[in-house]
>>> print(open('coords_15.txt').read())   # compact mmCIF, C-alpha atoms
# COMPACT_ATOMS: atom_id res chain seq x y z
CA MET I 1 -19.21 9.37 -42.67
CA ASP I 2 -18.95 11.05 -46.04
CA LYS I 3 -15.87 13.00 -46.98
CA ILE I 4 -16.28 16.75 -46.64
CA VAL I 5 -15.72 18.49 -49.95
CA LEU I 6 -13.80 21.72 -49.46
CA LYS I 7 -14.77 24.55 -51.79
CA PRO I 8 -13.36 28.07 -52.14
CA GLY I 9 -15.23 30.54 -49.95
CA GLU I 10 -16.33 27.93 -47.40
CA ILE I 11 -15.13 27.74 -43.81
CA HIS I 12 -15.72 24.51 -41.90
CA PHE I 13 -15.67 24.84 -38.10
CA PHE I 14 -15.73 21.69 -35.95
CA TYR I 15 -16.01 21.53 -32.18
CA SER I 16 -16.00 18.74 -29.62
CA ARG I 17 -17.06 18.57 -25.97
CA VAL I 18 -13.93 17.08 -24.50
CA ASP I 19 -15.46 15.70 -21.30
CA ASP I 20 -18.11 13.79 -23.26
CA ILE I 21 -15.47 11.75 -25.10
CA GLN I 22 -14.44 8.96 -22.74
CA THR I 23 -14.82 5.79 -24.84
CA PRO I 24 -11.53 3.85 -24.44
CA SER I 25 -11.51 2.65 -28.07
CA LEU I 26 -11.88 6.21 -29.37
CA LEU I 27 -9.14 7.53 -27.09
CA LYS I 28 -6.88 4.68 -28.24
CA THR I 29 -7.58 5.65 -31.86
CA TYR I 30 -6.59 9.26 -31.15
CA ARG I 31 -3.35 8.14 -29.56
CA ASP I 32 -2.54 5.57 -32.24
CA ILE I 33 -2.83 8.11 -35.07
CA SER I 34 -0.80 10.75 -33.23
CA SER I 35 2.87 11.15 -34.02
CA LYS I 36 5.59 10.27 -31.51
CA LYS I 37 6.16 14.00 -30.95
CA GLU I 38 2.46 14.56 -30.29
CA ARG I 39 2.28 11.66 -27.83
CA SER I 40 5.28 13.05 -26.01
CA LYS I 41 3.59 16.46 -25.75
CA ILE I 42 0.39 14.86 -24.45
CA ASP I 43 2.28 12.91 -21.78
CA ARG I 44 4.17 15.96 -20.53
CA TYR I 45 1.03 17.55 -19.11
CA ILE I 46 0.87 17.17 -15.33
CA PHE I 47 -2.92 17.04 -15.01
CA GLU I 48 -5.07 14.33 -16.55
CA LYS I 49 -7.66 16.84 -17.80
CA ASP I 50 -4.94 18.63 -19.81
CA ARG I 51 -3.63 15.34 -21.23
CA HIS I 52 -7.18 14.42 -22.19
CA THR I 53 -7.87 17.77 -23.86
CA CYS I 54 -4.63 17.60 -25.84
CA LEU I 55 -5.35 14.02 -26.95
CA VAL I 56 -8.88 14.84 -28.14
CA THR I 57 -7.60 17.98 -29.89
CA ARG I 58 -5.00 16.00 -31.84
CA GLY I 59 -7.66 13.43 -32.71
CA LEU I 60 -10.03 16.16 -33.88
CA LEU I 61 -7.41 17.83 -36.08
CA ARG I 62 -6.31 14.62 -37.77
CA PHE I 63 -9.90 13.48 -38.22
CA VAL I 64 -10.98 16.77 -39.81
CA LEU I 65 -7.98 16.91 -42.14
CA SER I 66 -8.57 13.30 -43.17
CA GLN I 67 -12.27 13.97 -43.84
CA CYS I 68 -11.36 16.97 -46.00
CA THR I 69 -8.53 15.41 -48.00
CA GLY I 70 -9.10 11.65 -48.03
CA ILE I 71 -5.59 11.13 -46.62
CA PRO I 72 -5.26 8.62 -43.73
CA PRO I 73 -5.23 10.54 -40.42
CA GLN I 74 -1.90 9.11 -39.28
CA SER I 75 -0.19 10.31 -42.47
CA PHE I 76 -0.20 14.04 -41.68
CA GLY I 77 3.02 15.78 -40.75
CA PHE I 78 3.13 19.23 -39.22
CA GLU I 79 5.59 22.08 -38.83
CA GLU I 80 5.47 25.48 -37.17
CA ASN I 81 6.38 28.94 -38.35
CA SER I 82 8.84 31.02 -36.33
CA TYR I 83 6.02 32.16 -34.02
CA GLY I 84 4.72 28.65 -33.34
CA LYS I 85 1.68 28.56 -35.64
CA PRO I 86 1.20 24.99 -36.94
CA ARG I 87 0.68 24.11 -40.59
CA LEU I 88 0.85 21.03 -42.76
CA LYS I 89 4.30 20.01 -43.93
CA THR I 90 5.01 20.73 -47.57
CA GLY I 91 4.18 17.79 -49.81
CA VAL I 92 1.55 16.17 -47.59
CA THR I 93 -1.20 17.23 -49.98
CA ASP I 94 -1.62 19.45 -53.00
CA ILE I 95 -4.90 20.77 -51.56
CA PRO I 96 -4.25 24.35 -50.32
CA ILE I 97 -5.84 23.72 -46.92
CA PHE I 98 -5.28 26.00 -43.93
CA PHE I 99 -6.37 25.23 -40.37
CA ASN I 100 -6.34 26.56 -36.83
CA LEU I 101 -7.16 25.23 -33.37
CA SER I 102 -8.50 26.58 -30.08
CA HIS I 103 -9.75 25.13 -26.82
CA ALA I 104 -11.26 26.44 -23.60
CA GLY I 105 -13.30 25.16 -20.68
CA GLY I 106 -13.87 21.63 -21.91
CA LEU I 107 -14.44 22.53 -25.56
CA THR I 108 -11.93 22.10 -28.38
CA ALA I 109 -12.32 23.41 -31.93
CA CYS I 110 -10.72 23.19 -35.35
CA ALA I 111 -11.49 25.23 -38.48
CA VAL I 112 -10.34 24.70 -42.06
CA VAL I 113 -10.52 26.79 -45.23
CA LEU I 114 -8.93 26.74 -48.68
CA ASP I 115 -6.35 29.23 -49.91
CA HIS I 116 -6.25 31.65 -46.96
CA GLU I 117 -4.68 31.86 -43.52
CA ILE I 118 -7.22 31.43 -40.73
CA GLY I 119 -7.31 32.00 -36.98
CA ILE I 120 -9.96 30.99 -34.45
CA ASP I 121 -10.61 31.51 -30.76
CA VAL I 122 -13.14 29.98 -28.38
CA GLU I 123 -13.70 31.22 -24.83
CA ASP I 124 -15.89 30.19 -21.91
CA SER I 125 -17.82 33.42 -21.37
CA THR I 126 -18.92 32.33 -17.89
CA ARG I 127 -15.42 32.07 -16.44
CA LYS I 128 -14.23 34.63 -13.94
CA ILE I 129 -12.23 37.52 -15.38
CA ASP I 130 -10.99 40.91 -14.27
CA ILE I 131 -12.62 43.30 -16.73
CA ASN I 132 -9.93 45.87 -15.89
CA ILE I 133 -7.34 43.93 -17.89
CA ALA I 134 -8.97 45.54 -20.91
CA ASN I 135 -7.08 48.70 -19.97
CA ARG I 136 -3.82 46.80 -20.59
CA PHE I 137 -4.69 44.72 -23.62
CA PHE I 138 -7.45 46.53 -25.51
CA SER I 139 -7.11 49.62 -27.67
CA LYS I 140 -8.24 52.94 -26.26
CA GLN I 141 -11.33 52.80 -28.48
CA GLU I 142 -12.30 49.31 -27.31
CA SER I 143 -11.71 50.21 -23.65
CA GLU I 144 -13.96 53.24 -24.03
CA VAL I 145 -16.73 51.10 -25.55
CA LEU I 146 -16.40 48.63 -22.69
CA GLY I 147 -16.46 51.44 -20.14
CA GLN I 148 -19.72 52.76 -21.61
CA THR I 149 -21.37 49.32 -21.61
CA MET I 150 -24.01 48.51 -19.00
CA GLU I 151 -22.58 46.49 -16.12
CA ASP I 152 -24.55 43.33 -16.85
CA LYS I 153 -23.33 43.35 -20.48
CA LYS I 154 -19.64 44.12 -19.87
CA LYS I 155 -18.49 40.51 -19.66
CA SER I 156 -20.21 39.60 -22.92
CA VAL I 157 -18.72 42.58 -24.75
CA PHE I 158 -15.30 41.84 -23.26
CA PHE I 159 -15.33 38.33 -24.75
CA ASP I 160 -16.62 39.63 -28.09
CA PHE I 161 -13.51 41.77 -28.36
CA TRP I 162 -11.18 39.21 -26.83
CA THR I 163 -12.11 36.36 -29.18
CA LEU I 164 -11.84 38.61 -32.22
CA LYS I 165 -8.42 39.90 -31.18
CA GLU I 166 -7.12 36.39 -30.46
CA SER I 167 -8.44 35.05 -33.77
CA TYR I 168 -6.82 37.93 -35.65
CA ILE I 169 -3.31 37.49 -34.22
CA LYS I 170 -3.58 33.73 -34.80
CA ALA I 171 -4.64 34.26 -38.42
CA LYS I 172 -1.62 36.50 -38.91
CA GLY I 173 0.52 33.71 -37.48
CA ARG I 174 2.49 36.02 -35.23
CA GLY I 175 0.78 35.55 -31.89
CA LEU I 176 1.40 38.08 -29.15
CA SER I 177 4.28 39.64 -31.07
CA ILE I 178 1.40 41.78 -32.37
CA PRO I 179 0.44 44.10 -29.46
CA LEU I 180 -3.27 43.73 -28.75
CA ASP I 181 -3.72 47.45 -28.20
CA LYS I 182 -2.39 48.42 -31.65
CA PHE I 183 -5.55 47.48 -33.52
CA SER I 184 -9.25 47.99 -32.78
CA PHE I 185 -12.47 46.21 -33.54
CA THR I 186 -15.80 47.89 -34.10
CA ILE I 187 -18.87 45.71 -33.60
CA SER I 188 -22.22 46.95 -34.89
CA GLN I 189 -25.37 45.77 -36.63
CA ALA I 190 -23.56 46.43 -39.90
CA GLY I 191 -20.95 43.82 -38.98
CA THR I 192 -17.44 43.61 -37.57
CA ALA I 193 -14.62 45.85 -38.75
CA ILE I 194 -10.97 46.31 -37.82
CA CYS I 195 -8.85 49.45 -37.87
CA PHE I 196 -5.14 49.95 -37.34
CA GLY I 197 -2.94 52.55 -35.74
CA THR I 198 -0.50 54.75 -37.63
CA GLY I 199 2.44 52.87 -39.07
CA ASN I 200 0.78 49.45 -38.87
CA ASN I 201 1.76 47.22 -41.79
CA ASP I 202 -1.75 45.72 -41.84
CA ALA I 203 -3.30 49.05 -42.80
CA ASP I 204 -5.67 47.45 -45.34
CA ALA I 205 -8.63 46.75 -43.05
CA ASP I 206 -10.62 45.36 -45.99
CA ALA I 207 -8.19 42.45 -46.36
CA PHE I 208 -9.81 40.44 -43.55
CA SER I 209 -13.11 38.68 -42.89
CA PHE I 210 -14.49 38.22 -39.37
CA PHE I 211 -17.20 36.00 -37.92
CA ARG I 212 -18.65 35.63 -34.41
CA PHE I 213 -21.11 33.11 -33.00
CA PRO I 214 -22.16 31.44 -29.72
CA LEU I 215 -21.65 27.77 -28.89
CA LEU I 216 -23.48 25.68 -26.26
CA GLU I 217 -24.84 28.78 -24.49
CA ARG I 218 -21.68 29.53 -22.50
CA PHE I 219 -19.02 29.79 -25.20
CA LYS I 220 -18.16 32.54 -27.66
CA ALA I 221 -16.25 31.84 -30.86
CA ALA I 222 -14.58 34.06 -33.45
CA ILE I 223 -12.94 33.43 -36.82
CA THR I 224 -10.56 35.63 -38.80
CA VAL I 225 -9.70 34.82 -42.42
CA CYS I 226 -6.97 36.74 -44.22
CA ALA I 227 -9.18 37.46 -47.21
CA PRO I 228 -11.60 40.27 -48.08
CA GLN I 229 -15.27 40.06 -47.14
CA SER I 230 -16.14 40.65 -50.78
CA LEU I 231 -15.34 36.97 -51.36
CA GLY I 232 -18.52 36.15 -49.44
CA PHE I 233 -17.47 33.32 -47.13
CA ASN I 234 -19.96 30.81 -45.76
CA VAL I 235 -19.37 29.30 -42.31
CA ASN I 236 -20.43 25.70 -41.70
CA ILE I 237 -20.44 24.57 -38.06
CA TYR I 238 -20.38 20.97 -36.83
CA GLN I 239 -20.45 19.32 -33.44
CA CYS I 240 -18.13 16.37 -33.72
CA VAL I 241 -16.95 13.26 -31.93
CA PRO I 242 -13.86 12.38 -33.99
CA PHE I 243 -14.17 9.00 -35.74
CA LYS I 244 -17.73 8.57 -34.50
CA GLU I 245 -20.15 11.28 -35.62
CA ILE I 246 -20.56 14.74 -37.12
CA LYS I 247 -23.68 16.82 -36.59
CA ARG I 248 -24.11 19.97 -38.60
CA GLN I 249 -25.39 22.90 -36.52
CA ASP I 250 -27.87 24.87 -38.62
CA GLN I 251 -29.46 27.04 -35.94
CA ILE I 252 -26.38 29.01 -34.89
CA ALA I 253 -26.50 32.74 -35.63
CA ILE I 254 -23.27 33.78 -37.34
CA ILE I 255 -22.53 37.49 -37.12
>>> encode(input="coords_15.txt", output="structure tokens")
Amino acid sequence: MDKIVLKPGEIHFFYSRVDDIQTPSLLKTYRDISSKKERSKIDRYIFEKDRHTCLVTRGLLRFVLSQCTGIPPQSFGFEENSYGKPRLKTGVTDIPIFFNLSHAGGLTACAVVLDHEIGIDVEDSTRKIDINIANRFFSKQESEVLGQTMEDKKKSVFFDFWTLKESYIKAKGRGLSIPLDKFSFTISQAGTAICFGTGNNDADADAFSFFRFPLLERFKAAITVCAPQSLGFNVNIYQCVPFKEIKRQDQIAII
């Protein structure tokens, strides 16, 4: 597999179907390249499916970072900010690479970009949800849009908003310390835009770029990059079995 050359203005998004990765030699590779701390985290999960997802996720992250930097996958060290967002330890590489992870319903994903903080979210749009939680977690504007949506479209619109909101707070690196109802997304044919309430320190709505796209029919994905849309980002999507194969997905509609 050729090394992936990172360039400014390019986002690389990799996803893996966790349940399809069962080859013992691959799973051993993922465990062998994980740190002692990562192996301990994997082993703490009670259920095998959660241990398996965590193991594949760590393998995916280390594989992607190695492909993008040329550094051996076991050589990466990680640290977290005060809100728990992971990042590479200082000194691991002089490449200004930023990454983020997400997993849901048997799918795990990792995205990388140069120079800018990034956040991603993937959700299984077929899972059962209570649409009424939007009244607690969405802005008034978003809740009104959802309320005016036809019944058979509500779930889809709900996950459009939810994945965007999750990707945004992850890009900011502050998680749920940012109240989800204090910012709003507008989704239209013209694109995706964010707006903020009075007194919000992120008042410059033009300082972010957003992307949405479907995966494998039942998943929705969203990306937020802390950089203006005027930079003209390209999103490259790959289905990946870490340390075995990468398939670029060219038919996915990115909004």
>>> closest_atom_pairs(input="coords_15.txt", of="region 29-49 of chain I", to="region 74-80 of chain I", cutoff="8 Å", atoms="all atoms listed in the file", output="JSON lines")
{"residue": "I:Asp32", "atom": "CA", "partner": "I:Gln74", "partner_atom": "CA", "distance": 7.9}
{"residue": "I:Ile33", "atom": "CA", "partner": "I:Gln74", "partner_atom": "CA", "distance": 4.4}
{"residue": "I:Ser34", "atom": "CA", "partner": "I:Gln74", "partner_atom": "CA", "distance": 6.4}
{"residue": "I:Ser35", "atom": "CA", "partner": "I:Gln74", "partner_atom": "CA", "distance": 7.4}
>>> axis_aligned_box(input="coords_15.txt", around="region 107-111 of chain I", padding_each_side="8 Å", output="AutoDock Vina command-line options")
--center_x -12.6 --center_y 23.7 --center_z -32.0 --size_x 19.7 --size_y 19.1 --size_z 28.9
>>> atom_distance(input="coords_15.txt", atom1="CA of Leu6 (chain I)", atom2="CA of Leu65 (chain I)")
10.5 Å
>>> residues_around(input="coords_15.txt", residues="Phe243 (chain I)", least_positions_apart="2", cutoff="12 Å", atoms="only C-alpha atoms", output="ChimeraX atom specification")
/I:1-2,16,21,23,25-30,33,56,59-67,72-73,240-241,245-246
>>> residues_around(input="coords_15.txt", residues="His52 (chain I)", least_positions_apart="2", cutoff="9 Å", atoms="all atoms listed in the file", output="ChimeraX atom specification")
/I:18-19,27,42,47-50,54-57
>>> closest_residue(input="coords_15.txt", among="I:Ala205, I:Ala111, I:Val92, I:Leu180", to="Ile133 (chain I)", atoms="only C-alpha atoms")
I:Leu180
>>> residues_around(input="coords_15.txt", residues="Ser230 (chain I)", least_positions_apart="4", cutoff="10 Å", atoms="all atoms listed in the file", output="PyMOL selection string")
chain I and resi 206-209
>>> atom_distance(input="coords_15.txt", atom1="CA of Thr90 (chain I)", atom2="CA of Pro242 (chain I)")
24.7 Å
>>> atom_distance(input="coords_15.txt", atom1="CA of Ala221 (chain I)", atom2="CA of Glu123 (chain I)")
6.6 Å
>>> residues_around(input="coords_15.txt", residues="Ile194 (chain I)", least_positions_apart="4", cutoff="8 Å", atoms="all atoms listed in the file", output="PyMOL selection string")
chain I and resi 183-186+205
>>> closest_residue(input="coords_15.txt", among="I:His103, I:Lys155, I:Lys170, I:Lys140", to="Phe14 (chain I)", atoms="only C-alpha atoms")
I:His103
>>> decode(input="coords_15.txt", residues="region 49-114 of chain I", atoms="C-alpha atoms", output="PDB file, in the first residue's frame")
ATOM      1  CA  LYS I  49     -18.104  -6.565  20.894  1.00  0.00           C
ATOM      2  CA  ASP I  50     -16.886  -3.418  22.692  1.00  0.00           C
ATOM      3  CA  ARG I  51     -13.384  -4.855  23.134  1.00  0.00           C
ATOM      4  CA  HIS I  52     -13.358  -5.746  19.444  1.00  0.00           C
ATOM      5  CA  THR I  53     -14.523  -2.285  18.347  1.00  0.00           C
ATOM      6  CA  CYS I  54     -11.920  -0.572  20.514  1.00  0.00           C
ATOM      7  CA  LEU I  55      -9.145  -2.850  19.207  1.00  0.00           C
ATOM      8  CA  VAL I  56     -10.036  -2.234  15.552  1.00  0.00           C
ATOM      9  CA  THR I  57     -10.345   1.507  16.211  1.00  0.00           C
ATOM     10  CA  ARG I  58      -6.843   1.672  17.702  1.00  0.00           C
ATOM     11  CA  GLY I  59      -5.539  -0.359  14.771  1.00  0.00           C
ATOM     12  CA  LEU I  60      -7.248   1.955  12.295  1.00  0.00           C
ATOM     13  CA  LEU I  61      -5.857   5.106  13.917  1.00  0.00           C
ATOM     14  CA  ARG I  62      -2.285   3.845  14.070  1.00  0.00           C
ATOM     15  CA  PHE I  63      -2.488   2.477  10.531  1.00  0.00           C
ATOM     16  CA  VAL I  64      -3.811   5.759   9.107  1.00  0.00           C
ATOM     17  CA  LEU I  65      -1.232   7.874  10.931  1.00  0.00           C
ATOM     18  CA  SER I  66       1.548   5.559   9.769  1.00  0.00           C
ATOM     19  CA  GLN I  67       0.325   5.712   6.160  1.00  0.00           C
ATOM     20  CA  CYS I  68       0.265   9.514   6.307  1.00  0.00           C
ATOM     21  CA  THR I  69       3.616  10.071   8.020  1.00  0.00           C
ATOM     22  CA  GLY I  70       5.798   7.057   7.258  1.00  0.00           C
ATOM     23  CA  ILE I  71       6.341   6.540  11.004  1.00  0.00           C
ATOM     24  CA  PRO I  72       6.006   2.947  12.310  1.00  0.00           C
ATOM     25  CA  PRO I  73       2.498   2.468  13.763  1.00  0.00           C
ATOM     26  CA  GLN I  74       3.734   1.378  17.180  1.00  0.00           C
ATOM     27  CA  SER I  75       5.805   4.561  17.552  1.00  0.00           C
ATOM     28  CA  PHE I  76       2.920   6.991  18.076  1.00  0.00           C
ATOM     29  CA  GLY I  77       2.277   8.458  21.492  1.00  0.00           C
ATOM     30  CA  PHE I  78      -0.915  10.256  22.408  1.00  0.00           C
ATOM     31  CA  GLU I  79      -2.123  12.744  24.982  1.00  0.00           C
ATOM     32  CA  GLU I  80      -5.457  14.375  25.730  1.00  0.00           C
ATOM     33  CA  ASN I  81      -6.492  17.959  26.297  1.00  0.00           C
ATOM     34  CA  SER I  82      -8.359  18.890  29.474  1.00  0.00           C
ATOM     35  CA  TYR I  83     -11.656  17.810  27.879  1.00  0.00           C
ATOM     36  CA  GLY I  84     -10.378  14.411  26.750  1.00  0.00           C
ATOM     37  CA  LYS I  85      -9.765  15.078  23.049  1.00  0.00           C
ATOM     38  CA  PRO I  86      -6.785  12.973  21.881  1.00  0.00           C
ATOM     39  CA  ARG I  87      -3.859  14.351  19.907  1.00  0.00           C
ATOM     40  CA  LEU I  88      -0.346  13.277  19.018  1.00  0.00           C
ATOM     41  CA  LYS I  89       2.295  13.898  21.653  1.00  0.00           C
ATOM     42  CA  THR I  90       4.633  16.773  20.897  1.00  0.00           C
ATOM     43  CA  GLY I  91       7.763  15.640  19.077  1.00  0.00           C
ATOM     44  CA  VAL I  92       6.317  12.516  17.460  1.00  0.00           C
ATOM     45  CA  THR I  93       6.383  14.187  14.046  1.00  0.00           C
ATOM     46  CA  ASP I  94       6.962  17.624  12.594  1.00  0.00           C
ATOM     47  CA  ILE I  95       4.003  17.111  10.241  1.00  0.00           C
ATOM     48  CA  PRO I  96       1.112  19.293  11.534  1.00  0.00           C
ATOM     49  CA  ILE I  97      -1.421  16.449  11.396  1.00  0.00           C
ATOM     50  CA  PHE I  98      -4.749  16.564  13.229  1.00  0.00           C
ATOM     51  CA  PHE I  99      -7.136  13.627  13.597  1.00  0.00           C
ATOM     52  CA  ASN I 100     -10.429  12.569  15.116  1.00  0.00           C
ATOM     53  CA  LEU I 101     -12.298   9.302  15.662  1.00  0.00           C
ATOM     54  CA  SER I 102     -15.901   8.121  15.819  1.00  0.00           C
ATOM     55  CA  HIS I 103     -17.714   4.798  15.883  1.00  0.00           C
ATOM     56  CA  ALA I 104     -21.305   3.590  15.856  1.00  0.00           C
ATOM     57  CA  GLY I 105     -23.248   0.438  15.070  1.00  0.00           C
ATOM     58  CA  GLY I 106     -20.367  -1.695  13.850  1.00  0.00           C
ATOM     59  CA  LEU I 107     -18.572   1.055  11.939  1.00  0.00           C
ATOM     60  CA  THR I 108     -15.477   2.916  13.087  1.00  0.00           C
ATOM     61  CA  ALA I 109     -13.944   5.963  11.395  1.00  0.00           C
ATOM     62  CA  CYS I 110     -10.861   8.159  11.486  1.00  0.00           C
ATOM     63  CA  ALA I 111     -10.212  11.442   9.665  1.00  0.00           C
ATOM     64  CA  VAL I 112      -6.980  13.393   9.257  1.00  0.00           C
ATOM     65  CA  VAL I 113      -6.133  16.861   7.965  1.00  0.00           C
ATOM     66  CA  LEU I 114      -3.149  19.203   8.046  1.00  0.00           C
TER      67      LEU I 114
END
